[in-house]
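Note: the block below is my_file29.cif and it holds mmCIF, C-alpha atoms and all ligand atoms.
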data_input
loop_
_atom_site.label_atom_id
_atom_site.label_comp_id
_atom_site.auth_asym_id
_atom_site.auth_seq_id
_atom_site.Cartn_x
_atom_site.Cartn_y
_atom_site.Cartn_z
CA MET C 287 85.94 237.69 -90.08
CA LYS C 288 85.15 238.98 -93.56
CA ILE C 289 81.68 238.13 -94.85
CA LEU C 290 80.65 237.36 -98.41
CA VAL C 291 77.17 238.02 -99.77
CA VAL C 292 76.39 236.03 -102.91
CA TYR C 293 73.04 236.45 -104.63
CA TYR C 294 70.97 235.91 -107.72
CA SER C 295 68.16 238.34 -108.50
CA TYR C 296 65.76 238.43 -111.44
CA SER C 297 63.78 241.63 -110.92
CA GLY C 298 66.01 243.47 -108.42
CA ILE C 299 64.37 242.84 -105.04
CA THR C 300 66.87 240.25 -103.81
CA LYS C 301 69.63 242.48 -105.17
CA ARG C 302 68.49 245.31 -102.89
CA LEU C 303 68.34 242.96 -99.89
CA ALA C 304 71.82 241.63 -100.71
CA GLU C 305 73.17 245.18 -100.90
CA ASP C 306 71.59 246.02 -97.52
CA ILE C 307 73.08 242.88 -95.94
CA ALA C 308 76.51 243.77 -97.34
CA LEU C 309 76.13 247.30 -95.93
CA ILE C 310 75.14 246.04 -92.47
CA THR C 311 77.83 243.34 -92.29
CA ASN C 312 80.51 245.29 -94.15
CA GLY C 313 80.57 242.27 -96.45
CA ASP C 314 81.73 241.83 -100.02
CA LEU C 315 79.17 241.21 -102.76
CA ILE C 316 79.06 238.81 -105.69
CA GLU C 317 76.10 238.87 -108.05
CA ILE C 318 75.53 235.57 -109.82
CA LYS C 319 74.95 236.22 -113.49
CA ILE C 320 74.20 233.53 -116.05
CA ASP C 321 74.97 233.27 -119.74
CA LYS C 322 71.34 233.07 -120.90
CA PRO C 323 69.17 235.33 -118.71
CA TYR C 324 65.53 234.37 -118.18
CA SER C 325 62.72 235.80 -120.26
CA PHE C 326 61.37 239.15 -119.07
CA SER C 327 57.83 237.91 -119.37
CA TYR C 328 56.67 236.53 -116.01
CA ASN C 329 54.60 233.64 -117.43
CA THR C 330 57.34 232.49 -119.79
CA ALA C 331 59.87 232.75 -116.98
CA VAL C 332 57.71 230.56 -114.72
CA LYS C 333 57.50 227.91 -117.45
CA GLU C 334 61.27 227.98 -118.07
CA VAL C 335 62.00 227.86 -114.35
CA ARG C 336 59.57 225.00 -113.66
CA GLU C 337 61.25 222.86 -116.33
CA GLN C 338 64.72 223.71 -115.06
CA ILE C 339 63.89 222.97 -111.42
CA GLU C 340 62.32 219.63 -112.36
CA LYS C 341 65.46 218.64 -114.28
CA GLN C 342 67.84 220.12 -111.67
CA TYR C 343 69.28 222.08 -114.58
CA CYS C 344 72.28 224.26 -113.75
CA PRO C 345 72.60 227.38 -115.91
CA LYS C 346 76.13 228.50 -116.72
CA ILE C 347 77.46 231.14 -114.34
CA ILE C 348 79.51 233.91 -115.95
CA SER C 349 80.44 235.70 -112.70
CA ASP C 350 83.95 235.31 -111.27
CA LEU C 351 83.74 232.93 -108.30
CA GLU C 352 87.47 232.57 -107.73
CA ASN C 353 87.49 234.47 -104.41
CA VAL C 354 84.65 232.56 -102.74
CA ASN C 355 87.11 230.22 -101.09
CA ASN C 356 88.58 233.11 -99.05
CA TYR C 357 85.45 233.47 -96.90
CA ASP C 358 84.17 231.30 -94.04
CA THR C 359 80.75 232.91 -93.68
CA ILE C 360 78.63 233.32 -96.77
CA PHE C 361 75.16 234.78 -97.07
CA ILE C 362 73.49 233.19 -100.11
CA GLY C 363 70.42 234.90 -101.54
CA SER C 364 67.75 234.08 -104.07
CA PRO C 365 64.17 234.91 -104.88
CA ASN C 366 61.79 232.12 -103.84
CA TRP C 367 61.05 230.45 -107.17
CA LEU C 368 58.41 227.73 -106.97
CA LYS C 369 59.24 227.18 -103.28
CA THR C 370 63.00 226.81 -103.74
CA PHE C 371 66.06 228.80 -104.78
CA ALA C 372 66.52 229.86 -108.39
CA PRO C 373 68.51 227.48 -110.68
CA PRO C 374 71.55 229.85 -110.78
CA ILE C 375 71.94 229.20 -107.04
CA LEU C 376 71.96 225.44 -107.64
CA SER C 377 74.75 226.06 -110.19
CA PHE C 378 76.65 228.03 -107.54
CA LEU C 379 76.25 225.34 -104.87
CA LYS C 380 77.51 222.67 -107.29
CA GLU C 381 80.39 224.73 -108.65
CA VAL C 382 81.96 225.91 -105.40
CA ASP C 383 83.17 223.80 -102.48
CA LEU C 384 81.37 225.12 -99.41
CA SER C 385 82.52 222.36 -97.02
CA ASN C 386 83.03 223.58 -93.44
CA LYS C 387 81.75 227.04 -94.29
CA THR C 388 78.82 228.73 -92.59
CA ILE C 389 75.96 229.45 -94.96
CA ILE C 390 73.26 231.97 -94.09
CA PRO C 391 70.49 231.64 -96.67
CA PHE C 392 68.33 234.65 -97.46
CA CYS C 393 65.46 235.09 -99.85
CA THR C 394 62.79 237.46 -100.97
CA HIS C 395 59.36 236.08 -101.74
CA GLY C 396 55.78 236.89 -102.64
CA GLY C 397 54.25 235.30 -99.51
CA GLY C 398 55.75 231.82 -99.43
CA GLY C 399 58.73 232.57 -97.16
CA PHE C 400 61.58 230.12 -97.69
CA GLY C 401 59.24 227.39 -98.99
CA ARG C 402 61.40 224.25 -98.97
CA MET C 403 64.56 226.21 -99.71
CA LEU C 404 66.30 225.48 -96.39
CA ASP C 405 65.84 221.73 -96.86
CA ASP C 406 67.20 222.05 -100.38
CA TYR C 407 70.29 223.85 -99.07
CA LYS C 408 70.80 221.06 -96.53
CA LYS C 409 70.55 218.49 -99.33
CA GLU C 410 73.08 220.26 -101.55
CA CYS C 411 75.53 221.38 -98.84
CA LYS C 412 75.88 218.36 -96.58
CA ASN C 413 79.25 219.46 -95.19
CA SER C 414 78.32 223.08 -94.46
CA ILE C 415 76.85 224.69 -91.38
CA ILE C 416 73.50 226.11 -92.46
CA LYS C 417 71.82 228.76 -90.35
CA ASN C 418 68.12 229.59 -90.42
CA GLY C 419 68.57 232.78 -92.37
CA ILE C 420 66.31 235.60 -93.46
CA ALA C 421 63.18 235.46 -95.65
CA LEU C 422 61.58 238.82 -96.45
CA LYS C 423 59.07 240.41 -98.75
CA GLY C 424 60.19 243.37 -100.81
CA ASN C 425 58.75 245.93 -98.38
CA TYR C 426 60.99 244.93 -95.44
CA ASN C 427 62.22 247.37 -92.82
CA PHE C 428 65.95 248.12 -92.74
CA GLU C 429 66.17 248.36 -88.93
CA GLU C 430 64.42 245.00 -88.52
CA LEU C 431 66.82 243.50 -91.03
CA LYS C 432 69.72 244.88 -88.98
CA SER C 433 68.50 243.25 -85.77
CA SER C 434 67.77 239.92 -87.54
CA ILE C 435 71.36 239.89 -88.79
CA GLN C 436 72.73 240.72 -85.34
CA ASN C 437 70.77 237.79 -83.91
CA ILE C 438 72.15 235.40 -86.52
CA LEU C 439 75.84 236.39 -86.42
C1 LIG Q 1 59.44 232.31 -111.82
C2 LIG Q 1 58.95 232.84 -110.48
C3 LIG Q 1 58.47 231.97 -109.52
C4 LIG Q 1 58.07 232.44 -108.26
N1 LIG Q 1 57.61 231.56 -107.30
C5 LIG Q 1 57.28 232.01 -106.07
C6 LIG Q 1 56.84 231.09 -105.04
O1 LIG Q 1 56.74 229.87 -105.23
N2 LIG Q 1 56.54 231.61 -103.81
C7 LIG Q 1 56.62 232.95 -103.52
O2 LIG Q 1 56.35 233.35 -102.39
N3 LIG Q 1 57.02 233.83 -104.48
C8 LIG Q 1 57.35 233.41 -105.74
N4 LIG Q 1 57.77 234.31 -106.71
C9 LIG Q 1 57.88 235.73 -106.36
C10 LIG Q 1 59.32 236.12 -106.05
O3 LIG Q 1 59.91 235.26 -105.09
C11 LIG Q 1 59.41 237.55 -105.48
O4 LIG Q 1 58.78 238.45 -106.33
C12 LIG Q 1 60.88 237.96 -105.25
O5 LIG Q 1 60.93 239.03 -104.31
C13 LIG Q 1 61.57 238.41 -106.55
O6 LIG Q 1 62.93 238.67 -106.27
P1 LIG Q 1 63.90 239.30 -107.39
O7 LIG Q 1 63.38 240.69 -107.69
O8 LIG Q 1 65.23 239.36 -106.72
O9 LIG Q 1 63.89 238.42 -108.58
C14 LIG Q 1 58.13 233.84 -107.98
C15 LIG Q 1 58.60 234.72 -108.98
C16 LIG Q 1 59.00 234.23 -110.22
C17 LIG Q 1 59.49 235.19 -111.27
#

Could you show the structure in this file as C-alpha cells?
Amino acid sequence: MKILVVYYSYSGITKRLAEDIALITNGDLIEIKIDKPYSFSYNTAVKEVREQIEKQYCPKIISDLENVNNYDTIFIGSPNWLKTFAPPILSFLKEVDLSNKTIIPFCTHGGGGFGRMLDDYKKECKNSIIKNGIALKGNYNFEELKSSIQNIL
C-alpha cells in the first residue's frame, strides 16, 4: 500500500512534518502551491486568511494533482489557521475526489491543536474514512511521531 502525503505550509513547519511523515511511511509527497501566495507579513496574512475562510474561498492550486487518484491512504497536512485548515487545503478537498479513500489529517499549530479541523474534514469529505490524525507543535519529537504513525496505520 503506497501512501501519499499532501500538504500546504506557509512558513515551513508543516512542510518539515510532512517530510518526516513521508520518510517514516516511505510515502510520496505533494506540496500544494497556489497561484497567489499569502503576504509574508503575519498580520496581513491573518486578515487575508480570515476573509477567505469566512467566504470559503478556494485559492487556485498550481501543483500537479493528477496522481492523487492512485493512492488509497492520504495524509493531508496544514497549519492550523484560525482553528481550521488553510484555504489551499479546502481547494484540494474540492478539486480531488477522495471518496472511499482513507484520510489521515495532520497539522502543526501554535497551541490550538486541530481546533475544529477534523469536523471540517468530515463536512467536506463525507464519503471518505477520516482517521484522528496527528496535531503537533513545531518542536515535536521524531521518535514520538514515528510511534503515533504506527498506532494510526
Ligand atoms: C494566519 C495564521 C493563523 C493562525 N491561526 C492559528 C490558530 O487559530 N491556532 C493555532 O494554534 N495556531 C495558529 N497559527 C499558528 C500556526 O498554526 C503555526 O505557526 C504553524 O505551525 C505554522 O505552520 P507552517 O510553518 O507550515 O505555515 C496561525 C498562523 C497564521 C499565519

Fill in: Env. residues ligand LIG 1 (chain Q) / 8 Å / all atoms listed in the file / as a PyMOL selection string
chain C and resi 294-302+328-329+331-336+364-370+393-401+422-424

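Between Gln436 in chain C and the candidates C:Thr311, C:Asn356, C:Thr330, C:Ser325, the tightest atom-to-atom separation, counting all atoms listed in the file, involves C:Thr311.
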
Discussion item. Set the distance at 8 Å and use all atoms listed in the file: which residues neighbour range 287-291 of chain C once local chain neighbours fewer than 4 positions away are removed? I'd like the list as a PyMOL selection string.
Written reply: chain C and resi 304+307-308+311-316+354+357-363

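A straight line drawn from CA of Asp405 in chain C to CA of Ala372 in chain C is 14.1 Å long.
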
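Applying the 12 Å criterion to (85.4, 222.8, -101.7) in file coordinates and using only C-alpha atoms, one obtains the residues C:Glu352, C:Val354, C:Asn355, C:Asn356, C:Tyr357, C:Asp358, C:Phe378, C:Leu379, C:Lys380, C:Glu381, C:Val382, C:Asp383, C:Leu384, C:Ser385, C:Asn386, C:Lys387, C:Cys411, C:Lys412, C:Asn413, C:Ser414.
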
Worksheet item: When distances are computed from all atoms listed in the file, which of C:Ser327, C:Ile415, C:Ile375, C:Ile320 shows the smallest separation from Ile348 in chain C?
Response: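 The closest residue to Ile348 in chain C is C:Ile320.
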
Item to complete: Go through C:Glu410, C:Phe326, C:Thr388, C:Lys417 one by one, measure the shortest atom-to-atom distance of each to Phe371 in chain C using only C-alpha atoms, and give the residue with the smallest value.
Response: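 So, comparing all the options, the nearest one is C:Glu410.
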
Discussion item. I'd like the neighbourhood of Gln342 in chain C as a VMD selection string, where a residue qualifies if any of its atoms comes within 9 Å (using all atoms listed in the file), though same-chain residues fewer than 5 positions away should be ignored.
Written reply: chain C and resid 337 373 376

Item to complete: Pick out the residues sitting within 9 Å of Lys346 in chain C, and hand them over as a list in words; count all atoms listed in the file, and ignore anything fewer than 3 positions along from it in its own chain.
Response: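 In the requested form, the answer reads Lys319, Ile320, Asp321, Lys322, Pro374 and Ser377 of chain C.
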
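Counting from CA of Tyr343 in chain C, the distance to CA of Leu404 in chain C is 18.7 Å.
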
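Take CA of Ile438 in chain C and CA of Ile420 in chain C: the distance between them is 9.1 Å.
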
Discussion item. Using only C-alpha atoms, can you tell me which of C:Asn427, C:Ser434, C:Asn353, C:Asn418 comes closest to Val292 in chain C?
Written reply: C:Asn353

Worksheet item: Quick one: of C:Asp350, C:Tyr324, C:Ile390, C:Lys432, who's nearest to Gln338 in chain C, counting only C-alpha atoms?
Response: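 Checking each of C:Asp350, C:Tyr324, C:Ile390, C:Lys432 against Gln338 in chain C, counting only C-alpha atoms, the winner is C:Tyr324.
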
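Compared by their closest atoms to Leu431 in chain C, and using only C-alpha atoms, the residues C:Ser349, C:Asp306, C:Glu340, C:Asp406 rank with C:Asp306 nearest.
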
Expected axis-aligned box over every listed atom of range 354-363 of chain C, 4 Å added per side, centre plus edges in Å to one decimal, as JSON:
{"center_x": 79.5, "center_y": 232.6, "center_z": -98.2, "size_x": 26.2, "size_y": 12.7, "size_z": 17.1}
